[in-house]
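Report on the structure given below.
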Amino acid sequence: MLVDSDGRALPVNQLLQALLDQKHIKEANECFINSEVQVVDRNRPCICVLQGEKAHVNYSRNNFVVGSDDATTCVIIVLLDPDTHTAWTTHYDQGTVHSDASVLDVLLGMQSPEAYLVGAYEEPSGVSKDVIESLLMLLHEHTDRKVKIRLACVASANTFPDGSPRTRALAVDCQSRMAYPAEFEDRGPEIPRRFAHGWCGCGPALVNIYTLDSDQLVLPAFDARQPSWYVMRYERLMALPDEEMVKHCSTSPAHEGPKFVRDMRAAYAWIIERQEDGDVPQVVYTWSSDRACWVKVHEGHVREQLGAALRVGTAESDAERKLNV
């Protein structure tokens with residue numbers, strides 16, 4: 001459940017507004033917004049999840065910075081537990097916030113979880129409102145674990161008078177527990193592949209790219225082959241000028257960041273190139289402190305991994321269907 005600074009449960013009615021009315025949240029939001037954007041250096045151990053990804057790290061091994069960027073109608077959440085030295089982050093959109101409840105399992109392994117939230121600016125379509133309210137209800141009503149919100153730069157707190165978002169990015173330095181608006185110099189390896197994974201019929205669940213057990217960045221195997229009409233649509237989108245393409249690809253076309261269209265073009269091109277042989281193998285990276293970068297340590301056999309991924313995904317989907325969020 002969500003609790004205030006004194007550990008008391010927030011009222012379920014008007015939960016979002018009750019959260020934003022908290023004095024410590026107002027102060028934290030203003031401090032965050034008024035902070036200068038900090039560049040997360042490419043030589044720093046960093047997990048920047050993309051939309052639809054999640055990561056779970058033990059920061060006693062590496063002093064990670066975790067977070068995400070380019071969240072307009074989406075919500076970035078970082079859960080951090082100073083007792084277990086673990087942190088979990090994801091970039092929820094309207095689909096994954098309703099279909100993936102794995103955050104509840106993460107909370108079970110935390111003793112004193114703190115949450116940092118950024119995104120979901122106020123906009124007329126109602127997408128932002130649905131995403132943030134659904135996430136808050138999930139954290140409030142479906143777990144007994146007390147969650148203290150440290151930052152909630154969302155909704156009205158993340159909207160300028162002209163209707164644009166005040167910020168789109170969040171980074172949290174795990175050891176210092178400092179949250180700040182960020183620009184990630186390096187979002188990690190294989191960005192086009194990672195965006196493409198979520199569009200290739202791999203299910204609505206979040207893609208887990210970093211786990212406590214593996215202590216590695218793992219890009220799962222999947223089949224990139226798409227129906228011909230999907231590929232035709234991607235090709236038509238690629239032919240559009242940037243200002244037209246963003247209108248077809250975004251829930252907030254007037255407020256996307258400078259990387260948005262570039263990322264979409266790279267992901268569409270990546271998918272189109274893999275239609276003859278769409279088997280994409282699992283790839284594993286580890287952070288090298290000596291080289292200060294991600295180093296590829298394994299590339300697996302795709303068909304064997306696809307079968308294993310399908311079995312795991314089916315089991316997870318069955319479990320999640322039991323929870324009506």
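Ordering of the structure tokens sets the chain letters (A, B, ...); residue numbers start at 1 within each chain; ligands are numbered from 1 in the order shown.
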Once DSSP has gone over the backbone, tell me which residues of region 26-167 of chain A are in strand (DSSP E or B), as a PyMOL selection string. chain A and resi 38-40+46-48+53-58+65-68+75-81+86-92+114-121+147-155+159+165
Residues from the last selection, C-alpha atoms, saved as a PDB file, in the first residue's frame:
ATOM      1  CA  GLN A  38      22.474  15.804 -15.534  1.00  0.00           C
ATOM      2  CA  VAL A  39      24.238  13.720 -18.140  1.00  0.00           C
ATOM      3  CA  VAL A  40      24.703  10.093 -17.088  1.00  0.00           C
ATOM      4  CA  CYS A  46      23.779   2.360 -15.820  1.00  0.00           C
ATOM      5  CA  ILE A  47      20.537   0.567 -16.648  1.00  0.00           C
ATOM      6  CA  CYS A  48      18.311   2.711 -18.856  1.00  0.00           C
ATOM      7  CA  GLU A  53      11.380  -3.183 -20.402  1.00  0.00           C
ATOM      8  CA  LYS A  54      12.143  -3.861 -16.735  1.00  0.00           C
ATOM      9  CA  ALA A  55      15.339  -4.422 -14.762  1.00  0.00           C
ATOM     10  CA  HIS A  56      16.143  -5.627 -11.232  1.00  0.00           C
ATOM     11  CA  VAL A  57      19.628  -4.923  -9.866  1.00  0.00           C
ATOM     12  CA  ASN A  58      21.687  -5.431  -6.731  1.00  0.00           C
ATOM     13  CA  VAL A  65      22.223   4.495 -11.968  1.00  0.00           C
ATOM     14  CA  VAL A  66      18.795   3.255 -13.064  1.00  0.00           C
ATOM     15  CA  GLY A  67      15.929   4.924 -14.878  1.00  0.00           C
ATOM     16  CA  SER A  68      14.539   5.773 -18.303  1.00  0.00           C
ATOM     17  CA  VAL A  75       5.313   6.460 -16.389  1.00  0.00           C
ATOM     18  CA  ILE A  76       8.849   5.651 -15.281  1.00  0.00           C
ATOM     19  CA  ILE A  77       9.037   4.028 -11.865  1.00  0.00           C
ATOM     20  CA  VAL A  78      12.098   3.206  -9.786  1.00  0.00           C
ATOM     21  CA  LEU A  79      11.637   1.080  -6.665  1.00  0.00           C
ATOM     22  CA  LEU A  80      14.600   1.148  -4.331  1.00  0.00           C
ATOM     23  CA  ASP A  81      15.189  -0.719  -1.085  1.00  0.00           C
ATOM     24  CA  THR A  86      18.160  -3.731  -4.619  1.00  0.00           C
ATOM     25  CA  ALA A  87      16.432  -1.527  -7.168  1.00  0.00           C
ATOM     26  CA  TRP A  88      13.813  -2.241  -9.830  1.00  0.00           C
ATOM     27  CA  THR A  89      12.750  -0.020 -12.686  1.00  0.00           C
ATOM     28  CA  THR A  90      10.390  -0.082 -15.636  1.00  0.00           C
ATOM     29  CA  HIS A  91       8.832   2.212 -18.224  1.00  0.00           C
ATOM     30  CA  TYR A  92       5.082   1.524 -18.183  1.00  0.00           C
ATOM     31  CA  GLU A 114      10.729   3.620  -1.810  1.00  0.00           C
ATOM     32  CA  ALA A 115       9.237   4.701  -5.136  1.00  0.00           C
ATOM     33  CA  TYR A 116      10.177   7.442  -7.577  1.00  0.00           C
ATOM     34  CA  LEU A 117       7.699   8.303 -10.370  1.00  0.00           C
ATOM     35  CA  VAL A 118       8.062  10.536 -13.434  1.00  0.00           C
ATOM     36  CA  GLY A 119       5.887  10.989 -16.521  1.00  0.00           C
ATOM     37  CA  ALA A 120       2.160  10.980 -17.329  1.00  0.00           C
ATOM     38  CA  TYR A 121       1.765  14.701 -17.970  1.00  0.00           C
ATOM     39  CA  VAL A 147       5.604   1.748  -0.212  1.00  0.00           C
ATOM     40  CA  LYS A 148       6.854   5.256   0.501  1.00  0.00           C
ATOM     41  CA  ILE A 149       6.665   7.574  -2.490  1.00  0.00           C
ATOM     42  CA  ARG A 150       9.727   9.840  -2.573  1.00  0.00           C
ATOM     43  CA  LEU A 151       8.995  11.560  -5.889  1.00  0.00           C
ATOM     44  CA  ALA A 152       5.787  11.840  -7.938  1.00  0.00           C
ATOM     45  CA  CYS A 153       6.483  14.213 -10.799  1.00  0.00           C
ATOM     46  CA  VAL A 154       3.347  13.144 -12.664  1.00  0.00           C
ATOM     47  CA  ALA A 155       0.002  14.536 -13.822  1.00  0.00           C
ATOM     48  CA  THR A 159       2.665  19.847 -16.682  1.00  0.00           C
ATOM     49  CA  PRO A 165       5.490  18.085 -19.922  1.00  0.00           C
TER      50      PRO A 165
END
Give me the residues near His255 (chain A) as a PyMOL selection string, where near means some atom within 12 Å (using only C-alpha atoms) and where sequence neighbours in that chain fewer than 5 positions away do not count. chain A and resi 70-73+120-123+159-160+162-168+243+246-247+250+260-261
List the neighbours of region 205-212 of chain A out to 8 Å using only C-alpha atoms; skip same-chain residues closer than 2 positions along the sequence, and give me the result as JSON, numbers by chain. {"A": [52, 53, 54, 55, 56, 57, 58, 96, 99, 100, 198, 203, 214, 215, 216, 217, 218, 219, 220, 317]}
Alpha helix (DSSP H) residues, from DSSP on the backbone, in region 134-309 of chain A, as a ChimeraX atom specification: /A:134-141,191-197,228-239,242-249,260-273,302-309
So that I can see what lies close to Asn63 (chain A), please list as an MDAnalysis selection string the residues with an atom at most 8 Å from it, counting only C-alpha atoms and leaving out residues fewer than 5 positions away in the same chain. chainID A and resid 45 173:175
Would you mind listing what lies within 7 Å of region 129-139 of chain A as a list in words, with only C-alpha atoms counted and same-chain residues fewer than 3 positions away left out?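 My reading of the contact set: Met1, Leu2, Leu16, Cys74, Val75, Asp93, Gln94, Val97, Ala120, Gly126, His142, Thr143 and Val325 of chain A.
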Could you turn the residues from that selection into a file that holds C-alpha atoms, as a PDB file, in the first residue's frame?
ATOM      1  CA  MET A   1       0.000   0.000   0.000  1.00  0.00           C
ATOM      2  CA  LEU A   2       1.066   3.596  -0.520  1.00  0.00           C
ATOM      3  CA  LEU A  16      -3.512  10.556  -7.118  1.00  0.00           C
ATOM      4  CA  CYS A  74       4.037   6.733 -19.969  1.00  0.00           C
ATOM      5  CA  VAL A  75       5.313   6.460 -16.389  1.00  0.00           C
ATOM      6  CA  ASP A  93       2.755   2.329 -21.058  1.00  0.00           C
ATOM      7  CA  GLN A  94      -1.012   1.857 -21.183  1.00  0.00           C
ATOM      8  CA  VAL A  97       0.437  -1.250 -16.738  1.00  0.00           C
ATOM      9  CA  ALA A 120       2.160  10.980 -17.329  1.00  0.00           C
ATOM     10  CA  GLY A 126      -6.771  10.396 -20.987  1.00  0.00           C
ATOM     11  CA  HIS A 142      -2.782  -5.373  -4.406  1.00  0.00           C
ATOM     12  CA  THR A 143       0.088  -5.553  -1.930  1.00  0.00           C
ATOM     13  CA  VAL A 325      -5.831  -5.187 -12.357  1.00  0.00           C
TER      14      VAL A 325
END
Name all residues at most 9 Å from region 270-282 of chain A (count only C-alpha atoms; drop same-chain ones fewer than 4 positions away) and give them as a list in words. Pro192, Arg193, Ala196, Cys200, Val218, Leu219, Pro220, Ala221, Phe222, Asp223, Ala224, Arg225, Gln226, Val231, Tyr234, Glu235, Arg265, Ala266, His298, Glu299, Gly300, His301, Val302, Arg303, Gln305 and Leu306 of chain A
Restrict the selected residues to C-alpha atoms and save them as a JSON list (two decimals), in the first residue's frame.
[["chain", "number", "residue", "atom", "x", "y", "z"],
["A", 192, "PRO", "CA", 16.79, -0.86, -32.30],
["A", 193, "ARG", "CA", 16.49, -4.55, -31.42],
["A", 196, "ALA", "CA", 11.56, -3.95, -31.97],
["A", 200, "CYS", "CA", 6.94, -8.40, -32.73],
["A", 218, "VAL", "CA", 20.10, -10.34, -21.12],
["A", 219, "LEU", "CA", 18.29, -9.61, -24.39],
["A", 220, "PRO", "CA", 15.86, -12.53, -24.88],
["A", 221, "ALA", "CA", 15.45, -14.54, -28.05],
["A", 222, "PHE", "CA", 12.37, -13.85, -30.18],
["A", 223, "ASP", "CA", 10.96, -14.22, -33.68],
["A", 224, "ALA", "CA", 11.08, -10.93, -35.60],
["A", 225, "ARG", "CA", 8.96, -12.14, -38.54],
["A", 226, "GLN", "CA", 5.82, -10.05, -39.03],
["A", 231, "VAL", "CA", 5.90, -4.72, -42.81],
["A", 234, "TYR", "CA", 6.45, 0.09, -41.39],
["A", 235, "GLU", "CA", 7.73, 0.85, -44.89],
["A", 265, "ARG", "CA", 13.07, 4.63, -37.84],
["A", 266, "ALA", "CA", 15.95, 2.50, -36.57],
["A", 298, "HIS", "CA", 27.26, -14.91, -25.01],
["A", 299, "GLU", "CA", 25.04, -15.25, -28.07],
["A", 300, "GLY", "CA", 22.83, -18.32, -27.94],
["A", 301, "HIS", "CA", 21.01, -20.75, -30.21],
["A", 302, "VAL", "CA", 17.71, -19.14, -31.00],
["A", 303, "ARG", "CA", 15.26, -22.01, -31.48],
["A", 305, "GLN", "CA", 15.80, -20.38, -26.37],
["A", 306, "LEU", "CA", 12.53, -19.47, -28.09]]
Find the residues around Asp242 (chain A) up to 12 Å (only C-alpha atoms counted), leave out those fewer than 6 positions away in its own chain, and share them as a VMD selection string. chain A and resid 248 to 250 253 to 254 256 258 to 265
What does the distance from CA of Pro124 (chain A) to CA of Thr251 (chain A) come to in Å, to one decimal? 10.4 Å
For Ala269 (chain A), which residue among A:Val106, A:Ala169, A:Cys31, A:Met232 is the nearest when counting only C-alpha atoms?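 Distance minimum relative to Ala269 (chain A) lands on A:Met232.
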Between CA of Gly7 (chain A) and CA of Ala28 (chain A), measure the distance and give it in Å to one decimal.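 Value for the CA of Gly7 (chain A)-CA of Ala28 (chain A) distance: 17.2 Å.
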